[in-house]
Amino acid sequence: AEYLFAAACINISAILILLLGFNTSPSMLPVRSMPCPANFLVRKNFARLLAARCGNQADLENSDGAVPMLIVRDIFGELFCAGVFKLHSEWRELCMRKPNATLLDFGEALAETVVALEHLLGSISPDDRRSLSLMLDPLQQLNPSSWTTHFWIHLLRL
């Protein structure tokens, strides 16, 4: 089954912005069960990742000490791409489980992607010196339906 790629990308953008707490005004959530914003640990890990990556690039800072926006865009871009790939794989898995899946079932794939992104962001180590794409690789292997993932997310949301 096919889906609208542009709409999926908009949903991933909205999920990341809402999970990370970048939007301060009330918004419609792409997934009902999604925390908005995510747990403090998730947001703190992302902020520490930005700080660590920007700290490694101190020579790129402006004279006023502002965070280099290029690095922030790269990190958010990598996270966005990983989220889009995860959504695509979740949709393909859903279509294998439900051969008659339609776009009305797309919300299930979105919900699984939110769980996976929240888990990854909560478990990422800002001190990890690997490339960002290697740090985000576990997202593709993460099974959002497993009991261990649900247990971890439940603990994270307490």
# chains A, B, ... in the order shown; residues from 1 in each chain; ligands from 1
>>> residues_around(residues="Met28 of chain A", least_positions_apart="3", cutoff="12 Å", atoms="only C-alpha atoms", output="list in words")
Asn11, Ala14, Ile15, Ile17, Leu18, Asn23, Ser25, Val31, Arg32, Ser33, Met34, Pro35 and Cys36 of chain A
>>> residues_around(residues="segment 112-127 of chain A", least_positions_apart="6", cutoff="7 Å", atoms="only C-alpha atoms", output="ChimeraX atom specification")
/A:34,41-42,45-46,48-49,52,83,86-87,90,139,142,144,153
>>> closest_residue(among="A:Ala1, A:Ile10, A:Ser145, A:Gly77", to="Lys98 of chain A", atoms="only C-alpha atoms")
A:Ala1
>>> atom_distance(atom1="atom CA of Thr102 of chain A", atom2="atom CA of Ser146 of chain A")
23.5 Å
>>> atom_distance(atom1="atom CA of Asn143 of chain A", atom2="atom CA of Ser89 of chain A")
10.8 Å
>>> atom_distance(atom1="atom CA of Phe85 of chain A", atom2="atom CA of Ser27 of chain A")
24.4 Å
>>> select_by_dssp(residues="chain A", states="helix (DSSP H, G or I)", output="PyMOL selection string")
chain A and resi 5-19+40-55+58-60+69-97+103-123+132-136+138-141+147-157
>>> closest_residue(among="A:Ser133, A:Arg43, A:Asp74, A:Cys95", to="Leu20 of chain A", atoms="only C-alpha atoms")
A:Arg43
